[in-house]
Amino acid sequence: MTRPRTLYEKIWDAHVVERRPDGTCLIFIDRHLVHEVTSPQAFAGLRASGRTVRRPDLTLAVPDPNVPTTPRRDAAGNRLPVTDPDSAAQLAALEKNAPDFGIRYIDAVAPEQGIVHVVGPEQGFSLPGTTIVCGDSHTACHGGIGALAFGIGTSEVEHVLATQTLLLQPAKTMEVRVEGKVGPGVTAKDIILHITGAIGAAGGTGHVIEYTGSAIRTLSVEGRLTISNMAIEGGARAGLIAPDATTFEYLKGRPYAPKGADWDDAVAYWTSLATDPGATYDKAVVIDAADIAPSVTWGTSPEDVVPITGTVPDPASFADPSKQAAAAKSLAYMGLEPGTRMQDVPVENIFIGSCTNSRIEDLRAAATVLKGRKKAPGVKWAIVVPGSGLVKAQAEAEGLDRIFIDAGLEWREPGCSACLAMNPDKVPAGERCASTSNRNFVGPAAASTCPLRSRLASRSDSRFVDVRLDPIERREKERNGMIWKAIASAAAALALATPVLAQDKPAAAEKVSLTRLDCGTVRVNRLNAFSDTEAYPGQSRDLTVGCYLIRHGDQLMLWDLGLPTALKGAAFTATGDMSATVRRSLVEQLADLGIKPDDIDIVGISHFHFDHIAQLPDFPAAKLYIGKNDWDVLTQNPPPAFVDPTPFAHWISGGGKVEPVARDKDIFGDGRVVMLDMPGHTPGHHTLLVRLAGMGPVLLSGDQAHFQENYDSEGVPTFNTNRADTLASFGRFKGLANNLGATVILQHEPRDVGKLPTFPKAAE
């Protein structure tokens, strides 16, 4: 008798092409959505290898993130050019690549164009029980109709195009059950924000979440898409909601949905996908729907959630010291004070749109709130961006566009818009934005991402209010010039986002310099270990091991501590996956600069792999900074077999000071040296941003990527701990590099050694 299975297990099992002894599976991919940002290198790889697209009929290309939301045709109907050269180049490449490889392509001016995660379900291209991938982290959205959908990197885009398969490890299963009836004014966005606040931003790590319960079952398909879209904000690989009659009604008659007898067969199969009675999950969470209120985020993580009636928390209220530090940093970045009522928080900008809240029901709800009213005088920038041309046409047929325009908001063309901000829709520097996006992160993934500042530039009289207020009180607040939280409830709960890490122009502070130290060389005999899609068969390569000295005024910091000095003079071998050698120790190189080990104030570790930590014991007087999740692994008793905690023994025993870094960490408090949370390679992996007065921003990669080709393709090594986190970190890292105009230094790439002055000289 077959054991009871979950929805995830049924879809997974139906798509296994080959199961390997280690549990890794070759999975067939039913649907591949392609856009212009993550596909150019993939198509170039196909051309270089002489390959074709294996199943063009299962692939759909949609121009999306780079497409401007301003008019695309002039008054005479002529197509307007895309003014940004990088965006224009990526869009032109997709427009050529799709027909060249026989892929269906929706033109940027076609009525069907829009956000890829709106277009897929809208066209019936996304279907229950299918596996769906796209080079975009929020592909999880399609789980709202019962598809196993997840984001992939550029190298995987090429692999799917060429083979229609992926090599993957099965995920753990997690149930989030929301039972009961939600209160007035509570939307799907409020539900998922509440869930994320309850489980934390890493609560779903390693899992695929299935959302169940009566509160989920009563949602429309649009609401379900919002829920699944934000599964990754809770750390999950994907989100799933079992298909039912609501799903079938939504999909019936859509262009790519089955027809006739095929439809009946499909519905019968989709109905069978529901989790079996008696099936068990690896993890389960139950939430009472009555506890969910209209919600808003106050910080820079999706778990930083409070009800609209709540207040900004005091960092001291968190029991975990790392959360205290993270909260304090978030408040400093957001320009908020503990105890501030959320309804007293001013906002200067409004964005209604994104793949969470740009469908017709979202726009109808927003228009219901705005009808006959005007935006508050303090709101300077307010845009409404429909999710597709079809949504836009429907909204205009219903007169919703006139309501938005009469209220003082801009009515735009469809697109990704200010969420990813790879187009001109960027929130002005240093200002708050009330956004229906799925992102409130620090950096380019947030709705207000653009020139970055750590303090707010201005205030306004526009604030949040509770959508559940009675009409008399609501009108009174309107007369006082407030902007309602109802705009967010209309298109779901608002997520505050303010630009991050540091300043457009740092305030006067200590002089900073950066010196590269040689910490050895690794000869990799099997380069395929650095690609879980086997992109480098038969290849080998020498990789450098870089360590870095940062001077901040009279304080000294080392970033990464290199290979063991026992390898000094060791010869490379042709056997095994790799071998390594060291020429000079860190202590010897620092002596050339007149620096003794006890002079080092801080050691920062990108992650716990042996080639980044071995010489740590030589600096016992230094305070150690390391990712909290890595520290948690190192301090397990006993430690995992793949981790050697020996170099950390002095700090683990309490002999040295240590600060586990939960998120980002501004080391000196002035934005010049910042550890950036980039998990995936290891659970607590960090990279480092160093702002130099002369050279400008420098990004040290840790092991986000090991060499240039690996960086370009966003390849994931076989030994990474989390593929989804790795890909999300690639997005953040590359976005920061682009927005800051930073010099990227891949710490293992020999070609990047020359980007910094030759030792003993320093970059300043």
# chains A, B, ... in the order shown; residues from 1 in each chain; ligands from 1
$ select_by_dssp --residues "stretch 75-162 of chain A" --states "strand (DSSP E or B)" --output "NGL selection string"
:A and (79 or 104-105 or 114 or 131-134 or 148-151)
$ residues_around --residues "A:Pro717" --least-positions-apart "3" --cutoff "12 Å" --atoms "only C-alpha atoms" --output "VMD selection string"
chain A and resid 153 155 526 to 536 680 to 682 703 to 707 710 to 711 713 to 714 720 to 723 726 to 727
$ closest_atom_pairs --of "stretch 283-365 of chain A" --to "stretch 229-251 of chain A" --cutoff "8 Å" --atoms "only C-alpha atoms" --output "tab-separated table"
residue	atom	partner	partner_atom	distance
A:Pro302	CA	A:Glu233	CA	6.1
A:Glu303	CA	A:Gly234	CA	7.7
A:Cys355	CA	A:Asn229	CA	7.7
A:Thr356	CA	A:Asn229	CA	6.6
$ residues_around --residues "A:Gly299" --least-positions-apart "5" --cutoff "7 Å" --atoms "only C-alpha atoms" --output "list in words"
Asp304, Ser330, Leu331 and Met334 of chain A
$ write_last_selection --atoms "N, CA and C atoms" --output "compact mmCIF listing (two decimals), in the first residue's frame"
# COMPACT_ATOMS: atom_id res chain seq x y z
N ASP A 304 9.91 41.70 9.98
CA ASP A 304 9.74 42.89 10.82
C ASP A 304 8.33 43.44 10.63
N SER A 330 18.14 48.30 11.71
CA SER A 330 16.98 48.57 10.86
C SER A 330 16.36 49.92 11.19
N LEU A 331 16.22 50.21 12.48
CA LEU A 331 15.61 51.48 12.88
C LEU A 331 16.48 52.66 12.47
N MET A 334 15.92 53.00 8.76
CA MET A 334 14.58 53.46 8.44
C MET A 334 14.29 54.86 8.99
$ residues_around --residues "stretch 64-71 of chain A" --least-positions-apart "6" --cutoff "10 Å" --atoms "only C-alpha atoms" --output "MDAnalysis selection string"
chainID A and resid 34:37 79:84 86:91 108:109 113:117 383:386 388 410:425
$ closest_residue --among "A:Thr297, A:Thr163, A:Gln539, A:Thr154" --to "A:His194" --atoms "only C-alpha atoms"
A:Thr297
$ closest_residue --among "A:Thr340, A:Thr687, A:Thr38, A:Thr521" --to "A:Val674" --atoms "only C-alpha atoms"
A:Thr687
$ residues_around --residues "A:Val285" --least-positions-apart "4" --cutoff "9 Å" --atoms "only C-alpha atoms" --output "list of chain:residue names"
A:Met174, A:Glu175, A:Val176, A:Arg177, A:Val178, A:Ile199
$ residues_around --residues "stretch 95-103 of chain A" --least-positions-apart "2" --cutoff "12 Å" --atoms "only C-alpha atoms" --output "PyMOL selection string"
chain A and resi 32-36+39-47+50-64+88-93+105-109+161-162
$ atom_distance --atom1 "atom CA of A:Pro647" --atom2 "atom CA of A:Thr718"
24.4 Å
$ atom_distance --atom1 "atom CA of A:Asp282" --atom2 "atom CA of A:Phe719"
22.8 Å
$ closest_residue --among "A:Ile195, A:Ala266, A:Val753, A:Val603" --to "A:Ala622" --atoms "only C-alpha atoms"
A:Val603
$ atom_distance --atom1 "atom CA of A:Asp265" --atom2 "atom CA of A:Gly124"
15.8 Å
$ select_by_dssp --residues "stretch 509-673 of chain A" --states "helix (DSSP H, G or I)" --output "PDB file with N, CA and C atoms, in the first residue's frame"
ATOM      1  N   LEU A 527      36.719  20.899 -11.622  1.00  0.00           N
ATOM      2  CA  LEU A 527      35.994  22.164 -11.539  1.00  0.00           C
ATOM      3  C   LEU A 527      34.488  21.971 -11.498  1.00  0.00           C
ATOM      4  N   ASN A 528      34.008  20.819 -11.936  1.00  0.00           N
ATOM      5  CA  ASN A 528      32.570  20.558 -11.914  1.00  0.00           C
ATOM      6  C   ASN A 528      31.993  20.581 -10.505  1.00  0.00           C
ATOM      7  N   ALA A 529      32.850  20.449  -9.485  1.00  0.00           N
ATOM      8  CA  ALA A 529      32.376  20.560  -8.106  1.00  0.00           C
ATOM      9  C   ALA A 529      31.785  21.939  -7.834  1.00  0.00           C
ATOM     10  N   PHE A 530      32.134  22.912  -8.682  1.00  0.00           N
ATOM     11  CA  PHE A 530      31.648  24.276  -8.490  1.00  0.00           C
ATOM     12  C   PHE A 530      30.394  24.560  -9.321  1.00  0.00           C
ATOM     13  N   THR A 565      48.982  27.537   7.430  1.00  0.00           N
ATOM     14  CA  THR A 565      50.409  27.783   7.170  1.00  0.00           C
ATOM     15  C   THR A 565      51.181  26.476   7.040  1.00  0.00           C
ATOM     16  N   ALA A 566      50.594  25.368   7.483  1.00  0.00           N
ATOM     17  CA  ALA A 566      51.239  24.066   7.305  1.00  0.00           C
ATOM     18  C   ALA A 566      51.421  23.728   5.830  1.00  0.00           C
ATOM     19  N   LEU A 567      50.699  24.430   4.955  1.00  0.00           N
ATOM     20  CA  LEU A 567      50.801  24.187   3.518  1.00  0.00           C
ATOM     21  C   LEU A 567      51.898  25.012   2.855  1.00  0.00           C
ATOM     22  N   LEU A 586      50.039  35.102   6.961  1.00  0.00           N
ATOM     23  CA  LEU A 586      49.521  36.448   7.228  1.00  0.00           C
ATOM     24  C   LEU A 586      50.415  37.195   8.198  1.00  0.00           C
ATOM     25  N   VAL A 587      50.887  36.525   9.237  1.00  0.00           N
ATOM     26  CA  VAL A 587      51.747  37.175  10.229  1.00  0.00           C
ATOM     27  C   VAL A 587      52.998  37.732   9.567  1.00  0.00           C
ATOM     28  N   GLU A 588      53.579  36.965   8.643  1.00  0.00           N
ATOM     29  CA  GLU A 588      54.793  37.421   7.947  1.00  0.00           C
ATOM     30  C   GLU A 588      54.494  38.638   7.072  1.00  0.00           C
ATOM     31  N   GLN A 589      53.394  38.623   6.368  1.00  0.00           N
ATOM     32  CA  GLN A 589      53.064  39.753   5.496  1.00  0.00           C
ATOM     33  C   GLN A 589      52.735  41.004   6.303  1.00  0.00           C
ATOM     34  N   LEU A 590      52.024  40.836   7.397  1.00  0.00           N
ATOM     35  CA  LEU A 590      51.709  41.999   8.240  1.00  0.00           C
ATOM     36  C   LEU A 590      52.960  42.586   8.854  1.00  0.00           C
ATOM     37  N   ALA A 591      53.955  41.730   9.149  1.00  0.00           N
ATOM     38  CA  ALA A 591      55.219  42.233   9.704  1.00  0.00           C
ATOM     39  C   ALA A 591      55.895  43.198   8.736  1.00  0.00           C
ATOM     40  N   ASP A 592      55.738  42.933   7.432  1.00  0.00           N
ATOM     41  CA  ASP A 592      56.293  43.857   6.435  1.00  0.00           C
ATOM     42  C   ASP A 592      55.670  45.244   6.547  1.00  0.00           C
ATOM     43  N   PRO A 597      50.470  40.677  15.396  1.00  0.00           N
ATOM     44  CA  PRO A 597      49.144  40.044  15.537  1.00  0.00           C
ATOM     45  C   PRO A 597      48.239  40.719  16.548  1.00  0.00           C
ATOM     46  N   ASP A 598      48.801  41.158  17.678  1.00  0.00           N
ATOM     47  CA  ASP A 598      47.964  41.792  18.699  1.00  0.00           C
ATOM     48  C   ASP A 598      47.476  43.175  18.291  1.00  0.00           C
ATOM     49  N   ASP A 599      48.023  43.719  17.182  1.00  0.00           N
ATOM     50  CA  ASP A 599      47.556  45.021  16.704  1.00  0.00           C
ATOM     51  C   ASP A 599      46.213  44.908  15.967  1.00  0.00           C
ATOM     52  N   PHE A 610      37.450  25.958   5.164  1.00  0.00           N
ATOM     53  CA  PHE A 610      38.826  25.889   5.671  1.00  0.00           C
ATOM     54  C   PHE A 610      39.749  26.936   5.073  1.00  0.00           C
ATOM     55  N   ASP A 611      39.537  27.309   3.809  1.00  0.00           N
ATOM     56  CA  ASP A 611      40.449  28.236   3.149  1.00  0.00           C
ATOM     57  C   ASP A 611      40.180  29.695   3.518  1.00  0.00           C
ATOM     58  N   HIS A 612      39.246  29.930   4.427  1.00  0.00           N
ATOM     59  CA  HIS A 612      38.941  31.289   4.875  1.00  0.00           C
ATOM     60  C   HIS A 612      39.175  31.480   6.371  1.00  0.00           C
ATOM     61  N   LEU A 616      43.206  31.961  11.647  1.00  0.00           N
ATOM     62  CA  LEU A 616      42.498  32.687  12.698  1.00  0.00           C
ATOM     63  C   LEU A 616      43.170  32.574  14.067  1.00  0.00           C
ATOM     64  N   PRO A 617      43.685  31.396  14.484  1.00  0.00           N
ATOM     65  CA  PRO A 617      44.289  31.298  15.820  1.00  0.00           C
ATOM     66  C   PRO A 617      45.476  32.223  16.051  1.00  0.00           C
ATOM     67  N   ASP A 618      46.069  32.755  14.986  1.00  0.00           N
ATOM     68  CA  ASP A 618      47.213  33.658  15.137  1.00  0.00           C
ATOM     69  C   ASP A 618      46.811  35.042  15.632  1.00  0.00           C
ATOM     70  N   LYS A 628      25.836  34.674  12.024  1.00  0.00           N
ATOM     71  CA  LYS A 628      25.248  33.954  13.156  1.00  0.00           C
ATOM     72  C   LYS A 628      24.916  32.513  12.801  1.00  0.00           C
ATOM     73  N   ASN A 629      24.362  32.300  11.612  1.00  0.00           N
ATOM     74  CA  ASN A 629      24.001  30.937  11.239  1.00  0.00           C
ATOM     75  C   ASN A 629      25.229  30.050  11.074  1.00  0.00           C
ATOM     76  N   ASP A 630      26.351  30.625  10.640  1.00  0.00           N
ATOM     77  CA  ASP A 630      27.598  29.861  10.606  1.00  0.00           C
ATOM     78  C   ASP A 630      28.090  29.574  12.023  1.00  0.00           C
ATOM     79  N   TRP A 631      27.978  30.565  12.897  1.00  0.00           N
ATOM     80  CA  TRP A 631      28.403  30.394  14.286  1.00  0.00           C
ATOM     81  C   TRP A 631      27.580  29.299  14.967  1.00  0.00           C
ATOM     82  N   ASP A 632      26.295  29.273  14.676  1.00  0.00           N
ATOM     83  CA  ASP A 632      25.429  28.245  15.260  1.00  0.00           C
ATOM     84  C   ASP A 632      25.872  26.851  14.828  1.00  0.00           C
ATOM     85  N   VAL A 633      26.306  26.721  13.571  1.00  0.00           N
ATOM     86  CA  VAL A 633      26.800  25.429  13.088  1.00  0.00           C
ATOM     87  C   VAL A 633      28.106  25.061  13.784  1.00  0.00           C
ATOM     88  N   LEU A 634      29.011  26.031  13.897  1.00  0.00           N
ATOM     89  CA  LEU A 634      30.319  25.783  14.502  1.00  0.00           C
ATOM     90  C   LEU A 634      30.219  25.374  15.966  1.00  0.00           C
ATOM     91  N   THR A 646      38.005  23.826  14.938  1.00  0.00           N
ATOM     92  CA  THR A 646      39.276  23.983  15.659  1.00  0.00           C
ATOM     93  C   THR A 646      39.832  25.401  15.595  1.00  0.00           C
ATOM     94  N   PRO A 647      39.880  26.059  14.427  1.00  0.00           N
ATOM     95  CA  PRO A 647      40.424  27.423  14.412  1.00  0.00           C
ATOM     96  C   PRO A 647      39.653  28.412  15.288  1.00  0.00           C
ATOM     97  N   PHE A 648      38.411  28.078  15.636  1.00  0.00           N
ATOM     98  CA  PHE A 648      37.572  28.975  16.428  1.00  0.00           C
ATOM     99  C   PHE A 648      37.596  28.632  17.919  1.00  0.00           C
ATOM    100  N   ALA A 649      38.404  27.654  18.308  1.00  0.00           N
ATOM    101  CA  ALA A 649      38.355  27.137  19.680  1.00  0.00           C
ATOM    102  C   ALA A 649      38.519  28.239  20.718  1.00  0.00           C
ATOM    103  N   HIS A 650      39.418  29.181  20.479  1.00  0.00           N
ATOM    104  CA  HIS A 650      39.667  30.278  21.427  1.00  0.00           C
ATOM    105  C   HIS A 650      38.403  31.090  21.677  1.00  0.00           C
ATOM    106  N   TRP A 651      37.619  31.329  20.638  1.00  0.00           N
ATOM    107  CA  TRP A 651      36.407  32.145  20.756  1.00  0.00           C
ATOM    108  C   TRP A 651      35.229  31.304  21.257  1.00  0.00           C
ATOM    109  N   ILE A 652      35.168  30.060  20.824  1.00  0.00           N
ATOM    110  CA  ILE A 652      34.094  29.177  21.281  1.00  0.00           C
ATOM    111  C   ILE A 652      34.181  28.950  22.785  1.00  0.00           C
TER     112      ILE A 652
END
$ decode --residues "stretch 50-80 of chain A" --atoms "N, CA and C atoms" --output "tab-separated table (two decimals), in the first residue's frame"
chain	number	residue	atom	x	y	z
A	50	GLY	N	26.44	25.12	-29.81
A	50	GLY	CA	25.70	24.58	-30.94
A	50	GLY	C	24.42	23.86	-30.56
A	51	ARG	N	23.88	24.19	-29.38
A	51	ARG	CA	22.67	23.52	-28.91
A	51	ARG	C	21.42	24.30	-29.33
A	52	THR	N	20.30	23.59	-29.34
A	52	THR	CA	19.00	24.21	-29.57
A	52	THR	C	18.19	24.16	-28.28
A	53	VAL	N	17.04	24.80	-28.27
A	53	VAL	CA	16.14	24.70	-27.13
A	53	VAL	C	15.40	23.37	-27.24
A	54	ARG	N	15.48	22.58	-26.17
A	54	ARG	CA	14.94	21.22	-26.20
A	54	ARG	C	13.43	21.20	-26.43
A	55	ARG	N	12.69	22.05	-25.71
A	55	ARG	CA	11.23	22.07	-25.84
A	55	ARG	C	10.74	23.52	-25.93
A	56	PRO	N	10.88	24.14	-27.09
A	56	PRO	CA	10.41	25.52	-27.23
A	56	PRO	C	8.92	25.66	-26.96
A	57	ASP	N	8.16	24.57	-27.14
A	57	ASP	CA	6.72	24.63	-26.90
A	57	ASP	C	6.39	24.76	-25.42
A	58	LEU	N	7.36	24.46	-24.55
A	58	LEU	CA	7.16	24.57	-23.11
A	58	LEU	C	7.82	25.83	-22.54
A	59	THR	N	8.20	26.73	-23.42
A	59	THR	CA	8.92	27.94	-23.03
A	59	THR	C	8.16	29.16	-23.50
A	60	LEU	N	8.10	30.19	-22.66
A	60	LEU	CA	7.43	31.44	-23.01
A	60	LEU	C	8.32	32.60	-22.58
A	61	ALA	N	8.62	33.49	-23.52
A	61	ALA	CA	9.49	34.63	-23.25
A	61	ALA	C	8.66	35.90	-23.10
A	62	VAL	N	8.90	36.63	-22.01
A	62	VAL	CA	8.14	37.84	-21.71
A	62	VAL	C	9.10	38.94	-21.27
A	63	PRO	N	9.21	40.04	-22.00
A	63	PRO	CA	10.02	41.17	-21.51
A	63	PRO	C	9.36	41.77	-20.29
A	64	ASP	N	10.15	42.06	-19.25
A	64	ASP	CA	9.51	42.44	-17.99
A	64	ASP	C	10.31	43.46	-17.18
A	65	PRO	N	11.36	43.08	-16.42
A	65	PRO	CA	11.91	44.03	-15.44
A	65	PRO	C	12.46	45.32	-16.02
A	66	ASN	N	13.03	45.27	-17.23
A	66	ASN	CA	13.65	46.46	-17.81
A	66	ASN	C	12.67	47.35	-18.58
A	67	VAL	N	11.45	46.89	-18.74
A	67	VAL	CA	10.50	47.64	-19.57
A	67	VAL	C	9.98	48.86	-18.79
A	68	PRO	N	10.13	50.06	-19.35
A	68	PRO	CA	9.60	51.25	-18.66
A	68	PRO	C	8.08	51.18	-18.55
A	69	THR	N	7.54	51.82	-17.51
A	69	THR	CA	6.09	51.85	-17.35
A	69	THR	C	5.50	53.17	-17.84
A	70	THR	N	6.33	54.01	-18.43
A	70	THR	CA	5.84	55.22	-19.11
A	70	THR	C	5.36	54.82	-20.51
A	71	PRO	N	4.68	55.71	-21.26
A	71	PRO	CA	4.11	55.33	-22.56
A	71	PRO	C	5.14	54.69	-23.49
A	72	ARG	N	4.70	53.69	-24.23
A	72	ARG	CA	5.60	52.95	-25.12
A	72	ARG	C	5.40	53.31	-26.58
A	73	ARG	N	4.36	54.09	-26.87
A	73	ARG	CA	4.13	54.60	-28.22
A	73	ARG	C	3.84	56.09	-28.14
A	74	ASP	N	4.24	56.84	-29.17
A	74	ASP	CA	3.95	58.27	-29.20
A	74	ASP	C	2.53	58.49	-29.72
A	75	ALA	N	2.14	59.76	-29.86
A	75	ALA	CA	0.77	60.09	-30.26
A	75	ALA	C	0.42	59.53	-31.63
A	76	ALA	N	1.42	59.35	-32.48
A	76	ALA	CA	1.19	58.81	-33.82
A	76	ALA	C	1.21	57.29	-33.86
A	77	GLY	N	1.42	56.66	-32.71
A	77	GLY	CA	1.44	55.21	-32.66
A	77	GLY	C	2.80	54.59	-32.90
A	78	ASN	N	3.83	55.44	-33.03
A	78	ASN	CA	5.18	54.92	-33.26
A	78	ASN	C	5.77	54.42	-31.95
A	79	ARG	N	6.51	53.35	-32.03
A	79	ARG	CA	7.12	52.76	-30.84
A	79	ARG	C	8.23	53.66	-30.32
A	80	LEU	N	8.20	53.95	-29.02
A	80	LEU	CA	9.21	54.81	-28.40
A	80	LEU	C	10.41	53.97	-27.99
